[in-house]
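structure19.pdb follows; it contains PDB, C-alpha atoms.
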```pdb
ATOM      1  CA  MET A  22     265.223 155.369  74.205  1.00  0.00           C
ATOM      2  CA  LYS A  23     261.693 156.637  74.717  1.00  0.00           C
ATOM      3  CA  LYS A  24     260.662 159.360  72.291  1.00  0.00           C
ATOM      4  CA  HIS A  25     260.282 162.939  73.469  1.00  0.00           C
ATOM      5  CA  ILE A  26     257.890 164.533  70.997  1.00  0.00           C
ATOM      6  CA  VAL A  27     257.628 168.289  70.652  1.00  0.00           C
ATOM      7  CA  LEU A  28     255.167 169.908  68.250  1.00  0.00           C
ATOM      8  CA  ILE A  29     255.748 173.222  66.467  1.00  0.00           C
ATOM      9  CA  LYS A  30     252.239 174.403  65.563  1.00  0.00           C
ATOM     10  CA  SER A  31     250.960 177.306  63.529  1.00  0.00           C
ATOM     11  CA  LYS A  32     248.419 179.411  65.414  1.00  0.00           C
ATOM     12  CA  ARG A  33     246.361 179.679  62.223  1.00  0.00           C
ATOM     13  CA  PRO A  34     246.680 176.233  60.630  1.00  0.00           C
ATOM     14  CA  GLU A  35     243.774 176.841  58.252  1.00  0.00           C
ATOM     15  CA  LYS A  36     245.777 179.588  56.527  1.00  0.00           C
ATOM     16  CA  PHE A  37     249.267 178.108  56.814  1.00  0.00           C
ATOM     17  CA  ASN A  38     251.013 177.190  53.586  1.00  0.00           C
ATOM     18  CA  TYR A  39     254.748 177.601  53.962  1.00  0.00           C
ATOM     19  CA  CYS A  40     257.312 179.295  56.205  1.00  0.00           C
ATOM     20  CA  LYS A  41     261.062 179.747  55.798  1.00  0.00           C
ATOM     21  CA  PHE A  42     263.002 180.203  59.037  1.00  0.00           C
ATOM     22  CA  GLY A  43     266.297 181.801  58.040  1.00  0.00           C
ATOM     23  CA  ASN A  44     269.400 182.029  60.183  1.00  0.00           C
ATOM     24  CA  TYR A  45     269.152 184.869  62.709  1.00  0.00           C
ATOM     25  CA  LYS A  46     270.741 186.706  65.619  1.00  0.00           C
ATOM     26  CA  ASP A  47     269.559 185.955  69.164  1.00  0.00           C
ATOM     27  CA  LYS A  48     268.766 188.554  71.834  1.00  0.00           C
ATOM     28  CA  GLN A  49     272.449 188.771  72.747  1.00  0.00           C
ATOM     29  CA  GLY A  50     273.375 189.487  69.128  1.00  0.00           C
ATOM     30  CA  ARG A  51     274.949 186.095  68.486  1.00  0.00           C
ATOM     31  CA  ASN A  52     274.493 184.339  65.143  1.00  0.00           C
ATOM     32  CA  VAL A  53     272.192 181.318  65.278  1.00  0.00           C
ATOM     33  CA  ASP A  54     272.725 178.954  62.342  1.00  0.00           C
ATOM     34  CA  LEU A  55     271.039 175.636  61.624  1.00  0.00           C
ATOM     35  CA  ILE A  56     273.527 172.766  61.199  1.00  0.00           C
ATOM     36  CA  ASP A  57     272.526 169.791  59.038  1.00  0.00           C
ATOM     37  CA  VAL A  58     273.155 166.063  59.581  1.00  0.00           C
ATOM     38  CA  ASN A  59     276.581 166.427  57.989  1.00  0.00           C
ATOM     39  CA  ASP A  60     277.521 169.155  60.438  1.00  0.00           C
ATOM     40  CA  GLN A  61     277.346 171.734  57.697  1.00  0.00           C
ATOM     41  CA  LYS A  62     275.831 175.202  58.013  1.00  0.00           C
ATOM     42  CA  THR A  63     272.525 175.651  56.173  1.00  0.00           C
ATOM     43  CA  ASP A  64     270.562 178.760  55.255  1.00  0.00           C
ATOM     44  CA  GLY A  65     267.722 177.889  57.644  1.00  0.00           C
ATOM     45  CA  TYR A  66     264.720 175.607  57.904  1.00  0.00           C
ATOM     46  CA  GLU A  67     261.688 175.267  55.644  1.00  0.00           C
ATOM     47  CA  MET A  68     258.350 174.280  57.122  1.00  0.00           C
ATOM     48  CA  PHE A  69     255.712 172.978  54.712  1.00  0.00           C
ATOM     49  CA  GLN A  70     252.977 171.845  57.137  1.00  0.00           C
ATOM     50  CA  ALA A  71     251.047 173.614  59.875  1.00  0.00           C
ATOM     51  CA  VAL A  72     252.342 171.133  62.468  1.00  0.00           C
ATOM     52  CA  LEU A  73     255.938 169.951  62.736  1.00  0.00           C
ATOM     53  CA  SER A  74     256.642 166.917  64.929  1.00  0.00           C
ATOM     54  CA  LEU A  75     260.139 166.593  66.363  1.00  0.00           C
ATOM     55  CA  ASP A  76     261.649 163.851  68.512  1.00  0.00           C
ATOM     56  CA  ILE A  77     264.153 165.940  70.450  1.00  0.00           C
ATOM     57  CA  ASN A  78     265.886 162.824  71.764  1.00  0.00           C
ATOM     58  CA  GLY A  79     267.306 162.582  68.222  1.00  0.00           C
ATOM     59  CA  LYS A  80     270.398 164.664  67.452  1.00  0.00           C
ATOM     60  CA  GLN A  81     269.164 166.399  64.274  1.00  0.00           C
ATOM     61  CA  HIS A  82     265.631 166.994  65.556  1.00  0.00           C
ATOM     62  CA  ARG A  83     267.181 168.520  68.680  1.00  0.00           C
ATOM     63  CA  ARG A  84     269.181 170.900  66.450  1.00  0.00           C
ATOM     64  CA  VAL A  85     266.035 171.956  64.567  1.00  0.00           C
ATOM     65  CA  TYR A  86     264.146 172.465  67.830  1.00  0.00           C
ATOM     66  CA  GLU A  87     266.905 174.569  69.412  1.00  0.00           C
ATOM     67  CA  PHE A  88     267.102 176.608  66.201  1.00  0.00           C
ATOM     68  CA  LEU A  89     263.355 177.225  65.948  1.00  0.00           C
ATOM     69  CA  LYS A  90     262.394 177.847  69.584  1.00  0.00           C
ATOM     70  CA  GLY A  91     264.178 181.196  69.762  1.00  0.00           C
ATOM     71  CA  HIS A  92     263.444 182.284  66.195  1.00  0.00           C
ATOM     72  CA  PRO A  93     261.845 185.740  65.776  1.00  0.00           C
ATOM     73  CA  LEU A  94     259.126 184.280  63.512  1.00  0.00           C
ATOM     74  CA  MET A  95     257.907 182.045  66.352  1.00  0.00           C
ATOM     75  CA  ALA A  96     256.603 184.978  68.405  1.00  0.00           C
ATOM     76  CA  GLY A  97     252.874 185.376  67.890  1.00  0.00           C
ATOM     77  CA  LYS A  98     252.670 182.971  64.960  1.00  0.00           C
ATOM     78  CA  PHE A  99     253.646 179.545  66.317  1.00  0.00           C
ATOM     79  CA  ILE A 100     253.334 177.643  69.567  1.00  0.00           C
ATOM     80  CA  ILE A 101     255.432 174.856  71.021  1.00  0.00           C
ATOM     81  CA  GLU A 102     253.673 171.902  72.636  1.00  0.00           C
ATOM     82  CA  ASP A 103     255.796 169.465  74.614  1.00  0.00           C
ATOM     83  CA  LEU A 104     253.840 166.203  74.636  1.00  0.00           C
ATOM     84  CA  ARG A 105     256.033 164.521  77.230  1.00  0.00           C
ATOM     85  CA  ALA A 106     255.752 167.494  79.569  1.00  0.00           C
ATOM     86  CA  ASN A 107     251.981 167.317  79.110  1.00  0.00           C
ATOM     87  CA  GLU A 108     252.007 163.600  79.820  1.00  0.00           C
ATOM     88  CA  GLU A 109     254.073 164.098  82.965  1.00  0.00           C
ATOM     89  CA  LYS A 110     251.811 166.935  84.079  1.00  0.00           C
ATOM     90  CA  ASN A 111     248.720 164.832  83.444  1.00  0.00           C
ATOM     91  CA  ALA A 112     250.272 161.891  85.282  1.00  0.00           C
ATOM     92  CA  GLU A 113     251.151 164.109  88.244  1.00  0.00           C
ATOM     93  CA  GLY A 114     247.618 165.512  88.221  1.00  0.00           C
ATOM     94  CA  ALA A 115     246.150 162.009  88.160  1.00  0.00           C
ATOM     95  CA  LEU A 116     248.255 160.960  91.144  1.00  0.00           C
ATOM     96  CA  LYS A 117     247.247 164.050  93.118  1.00  0.00           C
ATOM     97  CA  SER A 118     243.616 163.485  92.225  1.00  0.00           C
ATOM     98  CA  ALA A 119     243.840 159.887  93.441  1.00  0.00           C
ATOM     99  CA  GLU A 120     245.477 161.016  96.693  1.00  0.00           C
ATOM    100  CA  ALA A 121     242.817 163.662  97.243  1.00  0.00           C
ATOM    101  CA  ILE A 122     239.928 161.271  96.533  1.00  0.00           C
ATOM    102  CA  THR A 123     241.391 158.663  98.879  1.00  0.00           C
ATOM    103  CA  LYS A 124     241.696 161.246 101.625  1.00  0.00           C
ATOM    104  CA  ALA A 125     238.156 162.502 101.000  1.00  0.00           C
ATOM    105  CA  THR A 126     236.652 159.034 101.324  1.00  0.00           C
ATOM    106  CA  GLU A 127     238.415 158.508 104.669  1.00  0.00           C
ATOM    107  CA  LEU A 128     237.010 161.663 106.318  1.00  0.00           C
ATOM    108  CA  THR A 129     234.766 161.210 109.344  1.00  0.00           C
ATOM    109  CA  GLU A 130     231.363 162.885 109.406  1.00  0.00           C
ATOM    110  CA  ASN A 131     232.585 165.654 111.734  1.00  0.00           C
ATOM    111  CA  ALA A 132     235.677 166.209 109.596  1.00  0.00           C
ATOM    112  CA  MET A 133     233.484 166.506 106.496  1.00  0.00           C
ATOM    113  CA  LYS A 134     231.293 169.107 108.207  1.00  0.00           C
ATOM    114  CA  ASP A 135     234.329 171.132 109.271  1.00  0.00           C
ATOM    115  CA  LEU A 136     235.856 170.927 105.806  1.00  0.00           C
ATOM    116  CA  ALA A 137     232.535 171.980 104.278  1.00  0.00           C
ATOM    117  CA  ILE A 138     232.743 175.220 106.269  1.00  0.00           C
ATOM    118  CA  LEU A 139     236.156 176.001 104.754  1.00  0.00           C
ATOM    119  CA  MET A 140     234.908 175.088 101.278  1.00  0.00           C
ATOM    120  CA  GLY A 141     231.854 177.319 101.615  1.00  0.00           C
ATOM    121  CA  LEU A 142     229.413 174.398 101.502  1.00  0.00           C
ATOM    122  CA  ASP A 143     226.353 173.920 103.689  1.00  0.00           C
ATOM    123  CA  SER A 144     227.614 171.727 106.528  1.00  0.00           C
ATOM    124  CA  ASP A 145     224.027 170.672 107.320  1.00  0.00           C
ATOM    125  CA  LEU A 146     223.664 168.799 104.030  1.00  0.00           C
ATOM    126  CA  ASP A 147     222.705 165.145 104.150  1.00  0.00           C
ATOM    127  CA  GLY A 148     225.787 163.017 104.866  1.00  0.00           C
ATOM    128  CA  THR A 149     225.731 161.220 101.515  1.00  0.00           C
ATOM    129  CA  MET A 150     225.247 164.434  99.550  1.00  0.00           C
ATOM    130  CA  LEU A 151     227.983 166.217 101.495  1.00  0.00           C
ATOM    131  CA  LYS A 152     230.429 163.356 100.943  1.00  0.00           C
ATOM    132  CA  ALA A 153     229.660 163.330  97.217  1.00  0.00           C
ATOM    133  CA  LYS A 154     230.317 167.074  96.921  1.00  0.00           C
ATOM    134  CA  ILE A 155     233.589 166.810  98.825  1.00  0.00           C
ATOM    135  CA  ILE A 156     234.806 163.906  96.666  1.00  0.00           C
ATOM    136  CA  GLN A 157     233.802 165.845  93.549  1.00  0.00           C
ATOM    137  CA  PHE A 158     235.809 168.845  94.781  1.00  0.00           C
ATOM    138  CA  ALA A 159     238.790 166.619  95.635  1.00  0.00           C
ATOM    139  CA  ASN A 160     238.741 165.124  92.136  1.00  0.00           C
ATOM    140  CA  GLY A 161     238.341 168.432  90.305  1.00  0.00           C
ATOM    141  CA  SER A 162     240.680 170.553  92.453  1.00  0.00           C
ATOM    142  CA  PRO A 163     243.083 168.147  94.174  1.00  0.00           C
ATOM    143  CA  ASP A 164     245.682 170.848  94.904  1.00  0.00           C
ATOM    144  CA  LYS A 165     243.151 173.064  96.702  1.00  0.00           C
ATOM    145  CA  PHE A 166     241.643 170.099  98.552  1.00  0.00           C
ATOM    146  CA  LEU A 167     245.020 168.839  99.778  1.00  0.00           C
ATOM    147  CA  ALA A 168     246.032 172.372 100.775  1.00  0.00           C
ATOM    148  CA  LEU A 169     242.904 172.613 102.955  1.00  0.00           C
ATOM    149  CA  THR A 170     243.275 169.200 104.564  1.00  0.00           C
ATOM    150  CA  ASN A 171     247.035 169.498 105.127  1.00  0.00           C
ATOM    151  CA  ASP A 172     246.863 173.030 106.541  1.00  0.00           C
ATOM    152  CA  ILE A 173     248.471 173.003 110.006  1.00  0.00           C
ATOM    153  CA  ASP A 174     246.202 175.896 111.019  1.00  0.00           C
ATOM    154  CA  GLN A 175     243.009 174.209 109.837  1.00  0.00           C
ATOM    155  CA  GLU A 176     241.606 174.019 113.389  1.00  0.00           C
ATOM    156  CA  TYR A 177     241.947 177.785 113.863  1.00  0.00           C
ATOM    157  CA  ARG A 178     240.474 178.616 110.448  1.00  0.00           C
ATOM    158  CA  ILE A 179     237.428 176.475 111.198  1.00  0.00           C
ATOM    159  CA  PHE A 180     237.067 178.123 114.599  1.00  0.00           C
ATOM    160  CA  LEU A 181     237.155 181.610 113.050  1.00  0.00           C
ATOM    161  CA  LYS A 182     234.378 180.671 110.620  1.00  0.00           C
ATOM    162  CA  LYS A 183     232.215 179.165 113.366  1.00  0.00           C
ATOM    163  CA  ALA A 184     232.927 181.972 115.834  1.00  0.00           C
ATOM    164  CA  LEU A 185     231.917 184.584 113.267  1.00  0.00           C
ATOM    165  CA  ALA A 186     228.676 182.750 112.504  1.00  0.00           C
ATOM    166  CA  LYS A 187     227.790 182.577 116.210  1.00  0.00           C
ATOM    167  CA  ASN A 188     228.954 186.143 117.054  1.00  0.00           C
ATOM    168  CA  VAL A 189     231.598 184.811 119.421  1.00  0.00           C
ATOM    169  CA  LEU A 190     233.967 186.950 117.362  1.00  0.00           C
ATOM    170  CA  THR A 191     233.105 189.765 114.990  1.00  0.00           C
ATOM    171  CA  LYS A 192     234.711 191.135 111.855  1.00  0.00           C
ATOM    172  CA  VAL A 193     234.440 194.860 111.212  1.00  0.00           C
ATOM    173  CA  ASN A 194     235.900 196.261 107.981  1.00  0.00           C
ATOM    174  CA  GLY A 195     238.099 193.185 107.699  1.00  0.00           C
ATOM    175  CA  VAL A 196     239.359 193.435 111.294  1.00  0.00           C
ATOM    176  CA  TRP A 197     238.773 190.516 113.661  1.00  0.00           C
ATOM    177  CA  LYS A 198     237.498 191.622 117.079  1.00  0.00           C
ATOM    178  CA  HIS A 199     236.850 190.034 120.449  1.00  0.00           C
ATOM    179  CA  GLY A 200     234.484 192.481 122.067  1.00  0.00           C
ATOM    180  CA  SER A 201     236.253 195.827 121.684  1.00  0.00           C
ATOM    181  CA  ILE A 202     239.696 194.243 121.284  1.00  0.00           C
ATOM    182  CA  ASN A 203     241.265 194.055 117.810  1.00  0.00           C
ATOM    183  CA  ILE A 204     242.825 190.618 117.402  1.00  0.00           C
ATOM    184  CA  GLY A 205     243.952 190.771 113.780  1.00  0.00           C
ATOM    185  CA  LEU A 206     243.690 192.607 110.479  1.00  0.00           C
ATOM    186  CA  ALA A 207     243.472 189.290 108.622  1.00  0.00           C
ATOM    187  CA  ASP A 208     242.912 185.602 109.318  1.00  0.00           C
ATOM    188  CA  GLU A 209     246.629 184.946 109.727  1.00  0.00           C
ATOM    189  CA  GLN A 210     247.008 187.631 112.402  1.00  0.00           C
ATOM    190  CA  ALA A 211     243.872 186.449 114.201  1.00  0.00           C
ATOM    191  CA  ILE A 212     245.291 182.910 114.260  1.00  0.00           C
ATOM    192  CA  VAL A 213     248.545 184.177 115.767  1.00  0.00           C
ATOM    193  CA  TRP A 214     246.512 185.977 118.466  1.00  0.00           C
ATOM    194  CA  LEU A 215     244.565 182.799 119.286  1.00  0.00           C
ATOM    195  CA  LYS A 216     247.814 180.851 119.584  1.00  0.00           C
ATOM    196  CA  ASP A 217     249.375 183.499 121.826  1.00  0.00           C
ATOM    197  CA  ASN A 218     246.279 183.584 124.068  1.00  0.00           C
ATOM    198  CA  ALA A 219     245.705 179.873 124.550  1.00  0.00           C
ATOM    199  CA  ASP A 220     243.714 180.248 127.797  1.00  0.00           C
ATOM    200  CA  LEU A 221     241.282 182.719 126.256  1.00  0.00           C
ATOM    201  CA  TYR A 222     241.086 180.600 123.102  1.00  0.00           C
ATOM    202  CA  ALA A 223     239.964 177.674 125.271  1.00  0.00           C
ATOM    203  CA  LEU A 224     237.278 179.872 126.862  1.00  0.00           C
ATOM    204  CA  LEU A 225     236.100 181.079 123.460  1.00  0.00           C
ATOM    205  CA  ARG A 226     235.827 177.496 122.257  1.00  0.00           C
ATOM    206  CA  ARG A 227     233.752 176.679 125.337  1.00  0.00           C
ATOM    207  CA  GLN A 228     231.535 179.679 124.597  1.00  0.00           C
ATOM    208  CA  LEU A 229     231.079 178.452 121.031  1.00  0.00           C
ATOM    209  CA  ARG A 230     230.165 175.005 122.319  1.00  0.00           C
ATOM    210  CA  THR A 231     227.932 175.950 125.270  1.00  0.00           C
ATOM    211  CA  GLY A 232     226.808 179.500 124.555  1.00  0.00           C
ATOM    212  CA  LYS A 233     228.190 180.724 127.896  1.00  0.00           C
ATOM    213  CA  PRO A 234     230.259 183.919 127.822  1.00  0.00           C
ATOM    214  CA  ALA A 235     234.000 183.423 127.735  1.00  0.00           C
ATOM    215  CA  VAL A 236     234.433 185.685 130.788  1.00  0.00           C
ATOM    216  CA  GLU A 237     231.787 185.246 133.458  1.00  0.00           C
ATOM    217  CA  GLU A 238     230.966 188.006 135.909  1.00  0.00           C
ATOM    218  CA  VAL A 239     231.631 187.110 139.530  1.00  0.00           C
ATOM    219  CA  PRO A 240     228.465 187.751 141.584  1.00  0.00           C
ATOM    220  CA  VAL A 241     228.844 190.329 144.350  1.00  0.00           C
ATOM    221  CA  VAL A 242     227.958 188.820 147.746  1.00  0.00           C
ATOM    222  CA  GLU A 243     226.932 191.299 150.429  1.00  0.00           C
ATOM    223  CA  GLU A 244     228.704 190.580 153.690  1.00  0.00           C
ATOM    224  CA  THR A 245     226.674 190.404 156.921  1.00  0.00           C
ATOM    225  CA  PRO A 246     228.097 192.892 159.431  1.00  0.00           C
ATOM    226  CA  GLN A 247     229.915 191.072 162.206  1.00  0.00           C
ATOM    227  CA  PRO A 248     229.816 192.322 165.857  1.00  0.00           C
ATOM    228  CA  GLN A 249     232.865 194.404 166.666  1.00  0.00           C
ATOM    229  CA  ALA A 250     235.307 192.557 168.850  1.00  0.00           C
ATOM    230  CA  LEU A 251     236.285 194.222 172.142  1.00  0.00           C
ATOM    231  CA  SER A 252     239.895 194.730 173.065  1.00  0.00           C
ATOM    232  CA  THR A 253     241.403 192.908 176.063  1.00  0.00           C
ATOM    233  CA  SER A 254     241.878 196.185 178.010  1.00  0.00           C
ATOM    234  CA  THR A 255     238.239 197.136 177.497  1.00  0.00           C
ATOM    235  CA  ILE A 256     237.098 193.730 178.692  1.00  0.00           C
ATOM    236  CA  ASN A 257     239.293 193.974 181.825  1.00  0.00           C
ATOM    237  CA  GLU A 258     238.011 197.478 182.514  1.00  0.00           C
ATOM    238  CA  LEU A 259     234.440 196.330 182.306  1.00  0.00           C
ATOM    239  CA  GLU A 260     235.097 193.329 184.487  1.00  0.00           C
ATOM    240  CA  ASN A 261     236.717 195.460 187.266  1.00  0.00           C
ATOM    241  CA  GLU A 262     234.157 198.306 187.249  1.00  0.00           C
ATOM    242  CA  ALA A 263     232.264 198.585 190.537  1.00  0.00           C
ATOM    243  CA  PRO A 264     228.523 198.060 190.234  1.00  0.00           C
ATOM    244  CA  LYS A 265     226.377 201.169 190.566  1.00  0.00           C
ATOM    245  CA  PRO A 266     224.197 201.364 193.776  1.00  0.00           C
ATOM    246  CA  LYS A 267     220.549 200.718 193.274  1.00  0.00           C
ATOM    247  CA  GLY A 268     217.647 202.477 195.057  1.00  0.00           C
ATOM    248  CA  TRP A 269     217.269 205.801 196.870  1.00  0.00           C
ATOM    249  CA  PHE A 270     218.135 204.468 200.332  1.00  0.00           C
ATOM    250  CA  ASN A 271     221.742 203.962 199.318  1.00  0.00           C
ATOM    251  CA  ASN A 272     222.237 207.633 198.571  1.00  0.00           C
ATOM    252  CA  LYS A 273     224.150 209.502 201.272  1.00  0.00           C
ATOM    253  CA  LYS A 274     223.045 212.934 202.334  1.00  0.00           C
TER     254      LYS A 274
END
```
When written as structure tokens, how does the structure in this file appear?
Amino acid sequence: MKKHIVLIKSKRPEKFNYCKFGNYKDKQGRNVDLIDVNDQKTDGYEMFQAVLSLDINGKQHRRVYEFLKGHPLMAGKFIIEDLRANEEKNAEGALKSAEAITKATELTENAMKDLAILMGLDSDLDGTMLKAKIIQFANGSPDKFLALTNDIDQEYRIFLKKALAKNVLTKVNGVWKHGSINIGLADEQAIVWLKDNADLYALLRRQLRTGKPAVEEVPVVEETPQPQALSTSTINELENEAPKPKGWFNNKK
């Protein structure tokens, strides 16, 4: 069986000489006694070195560990270091770092520029320099990097950053605004608003891309007055009206 090493370490090893851990009562008031290899009760455990190494996969070392870890003398004076837990944590960190680096190297140029905006980097950096900084970030902070790249709302977060930089949207006292309309007290609320207003979101994206306002004013076209149509009765009346006599000789006296 693989060893599981746990270290009991004095916080001040330079001044440590000896410590006797006697039997004690736990927080619930129960007696805690150390049992030896012969299953007999002892009067406690004596520690002669600043660092005690225990393989807790062994029965007796497990007893000593369980006895010491809750001992009142441990508080403030000793620390417990689980080497296997550290190894597993380091191994998990190494795997995450590898995953993050792999993902960073596969990013397209546009994806790197967008990610740089979320990371607070200058997206106009030279491509090689930008890639190096992103890989460095992925290696040093794999959890943060993977959280950014796996975020299902990444598109909206990038848009908010770009829209703010180009005054397509504004942020006043922490409140996101589109013109005079409040769209969210925080990024999350603003994202919900963008999702709920998909048509306007599309127009805002076009404005960000082209510089044209999201809502264009419709030009007012003046209509040319049209001649008033005559009714059928008026037309008939005009057609049947007798012509007026012309000249003075047609007047009767």
Non-local contacts of Ala125 of chain A (8 Å; all atoms listed in the file; under 6 positions in same chain excluded) as a PDB file with C-alpha atoms, keeping the file's coordinate frame:
```pdb
ATOM      1  CA  LYS A 152     230.429 163.356 100.943  1.00  0.00           C
ATOM      2  CA  ILE A 155     233.589 166.810  98.825  1.00  0.00           C
ATOM      3  CA  ILE A 156     234.806 163.906  96.666  1.00  0.00           C
ATOM      4  CA  ALA A 159     238.790 166.619  95.635  1.00  0.00           C
TER       5      ALA A 159
END
```
(request) Tell me, as a PyMOL selection string, which residues lie within 10 Å of segment 46-51 of chain A, counting all atoms listed in the file; anything in the same chain fewer than 2 positions away does not count. (result) chain A and resi 44+53-54+91-93
(request) To one decimal in Å, tell me the separation between atom CA of Asn52 of chain A and atom CA of Gly79 of chain A. (result) 23.1 Å
(message) Can you translate the PyMOL selection byres ((chain A and resi 89) around 12) into the concrete residues it hits in this file, as a VMD selection string?
(response) chain A and resid 27 to 30 40 to 45 47 53 to 55 65 to 68 73 75 82 to 88 90 to 96 99 to 101
(message) Using Å and a single decimal, report how far atom CA of His25 of chain A sits from atom CA of Thr63 of chain A.
(response)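 Going from atom CA of Thr63 of chain A over to atom CA of His25 of chain A, I get 24.7 Å.
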(request) Pick out the closest residue to Arg105 of chain A from this set: A:Leu225, A:Ala153, A:Ile77, A:Leu142. Count all atoms listed in the file. (result) A:Ile77
(request) May I have the protein, DNA and RNA residues with any atom at most 9 Å from the point (242.5, 167.3, 86.1), counting all atoms listed in the file, written as a list of chain:residue names? (result)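 Every residue inside that radius is included here: A:Asn111, A:Gly114, A:Ala115, A:Ser118, A:Asn160, A:Gly161, A:Ser162, A:Pro163.
Minimum atom-to-atom distance to Lys216 of chain A, evaluated using only C-alpha atoms, belongs to A:Glu176 out of A:Phe69, A:Glu127, A:Thr231, A:Glu176.
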(request) Mind giving me the straight-line distance from atom CA of Glu102 of chain A to atom CA of Asn78 of chain A in Å, one decimal? (result) 15.2 Å
(request) Between A:Thr123, A:Ile179, A:Gln61, A:Asp76, single out the one closest to Met22 of chain A, counting all atoms listed in the file. (result) A:Asp76
(message) the PyMOL selection byres ((chain A and resi 178) around 12) - which residues does that actually catch in the file I just gave you? List them as a PyMOL selection string.
(response) chain A and resi 135-136+138-140+169-170+172-177+179-185+207-213+215-216
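Closest approach to Asp164 of chain A among A:Leu116, A:Thr126, A:Ile204, A:Ser144: A:Leu116, based on only C-alpha atoms.
Residue nearest Lys187 of chain A, chosen from A:Lys98, A:Lys154, A:Arg230, A:Lys165 and counting all atoms listed in the file: A:Arg230.
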Output file: segment 57-73 of chain A, N, CA and C atoms, as a PDB file, in the first residue's frame:
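So part.pdb came out as:
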```pdb
ATOM      1  N   ASP A  57      -1.886   2.051  22.668  1.00  0.00           N
ATOM      2  CA  ASP A  57      -0.610   1.610  22.100  1.00  0.00           C
ATOM      3  C   ASP A  57      -0.800   0.406  21.180  1.00  0.00           C
ATOM      4  N   VAL A  58       0.309  -0.147  20.699  1.00  0.00           N
ATOM      5  CA  VAL A  58       0.266  -1.259  19.735  1.00  0.00           C
ATOM      6  C   VAL A  58      -0.336  -2.520  20.340  1.00  0.00           C
ATOM      7  N   ASN A  59      -0.343  -2.589  21.665  1.00  0.00           N
ATOM      8  CA  ASN A  59      -0.914  -3.748  22.347  1.00  0.00           C
ATOM      9  C   ASN A  59      -2.353  -3.496  22.772  1.00  0.00           C
ATOM     10  N   ASP A  60      -2.918  -2.447  22.235  1.00  0.00           N
ATOM     11  CA  ASP A  60      -4.299  -2.066  22.541  1.00  0.00           C
ATOM     12  C   ASP A  60      -4.493  -1.705  24.005  1.00  0.00           C
ATOM     13  N   GLN A  61      -3.425  -1.175  24.587  1.00  0.00           N
ATOM     14  CA  GLN A  61      -3.490  -0.739  25.973  1.00  0.00           C
ATOM     15  C   GLN A  61      -3.506   0.786  26.041  1.00  0.00           C
ATOM     16  N   LYS A  62      -4.210   1.312  27.048  1.00  0.00           N
ATOM     17  CA  LYS A  62      -4.286   2.751  27.242  1.00  0.00           C
ATOM     18  C   LYS A  62      -2.951   3.282  27.748  1.00  0.00           C
ATOM     19  N   THR A  63      -2.487   4.372  27.176  1.00  0.00           N
ATOM     20  CA  THR A  63      -1.248   5.020  27.624  1.00  0.00           C
ATOM     21  C   THR A  63      -1.604   6.336  28.304  1.00  0.00           C
ATOM     22  N   ASP A  64      -0.558   7.036  28.768  1.00  0.00           N
ATOM     23  CA  ASP A  64      -0.796   8.335  29.405  1.00  0.00           C
ATOM     24  C   ASP A  64      -0.562   9.492  28.424  1.00  0.00           C
ATOM     25  N   GLY A  65      -0.446   9.174  27.126  1.00  0.00           N
ATOM     26  CA  GLY A  65      -0.282  10.225  26.135  1.00  0.00           C
ATOM     27  C   GLY A  65       0.855   9.948  25.176  1.00  0.00           C
ATOM     28  N   TYR A  66       1.293  11.011  24.498  1.00  0.00           N
ATOM     29  CA  TYR A  66       2.359  10.844  23.503  1.00  0.00           C
ATOM     30  C   TYR A  66       3.448  11.884  23.750  1.00  0.00           C
ATOM     31  N   GLU A  67       4.695  11.419  23.644  1.00  0.00           N
ATOM     32  CA  GLU A  67       5.851  12.299  23.821  1.00  0.00           C
ATOM     33  C   GLU A  67       6.486  12.591  22.467  1.00  0.00           C
ATOM     34  N   MET A  68       6.723  13.857  22.225  1.00  0.00           N
ATOM     35  CA  MET A  68       7.324  14.280  20.955  1.00  0.00           C
ATOM     36  C   MET A  68       8.687  14.905  21.265  1.00  0.00           C
ATOM     37  N   PHE A  69       9.728  14.347  20.640  1.00  0.00           N
ATOM     38  CA  PHE A  69      11.095  14.774  20.956  1.00  0.00           C
ATOM     39  C   PHE A  69      11.732  15.600  19.825  1.00  0.00           C
ATOM     40  N   GLN A  70      11.083  15.660  18.673  1.00  0.00           N
ATOM     41  CA  GLN A  70      11.635  16.420  17.544  1.00  0.00           C
ATOM     42  C   GLN A  70      10.601  17.418  17.050  1.00  0.00           C
ATOM     43  N   ALA A  71      11.097  18.450  16.371  1.00  0.00           N
ATOM     44  CA  ALA A  71      10.217  19.532  15.915  1.00  0.00           C
ATOM     45  C   ALA A  71       9.260  19.068  14.820  1.00  0.00           C
ATOM     46  N   VAL A  72       9.629  17.969  14.133  1.00  0.00           N
ATOM     47  CA  VAL A  72       8.783  17.451  13.056  1.00  0.00           C
ATOM     48  C   VAL A  72       8.562  15.963  13.289  1.00  0.00           C
ATOM     49  N   LEU A  73       7.294  15.579  13.324  1.00  0.00           N
ATOM     50  CA  LEU A  73       6.935  14.164  13.478  1.00  0.00           C
ATOM     51  C   LEU A  73       6.320  13.684  12.179  1.00  0.00           C
TER      52      LEU A  73
END
```
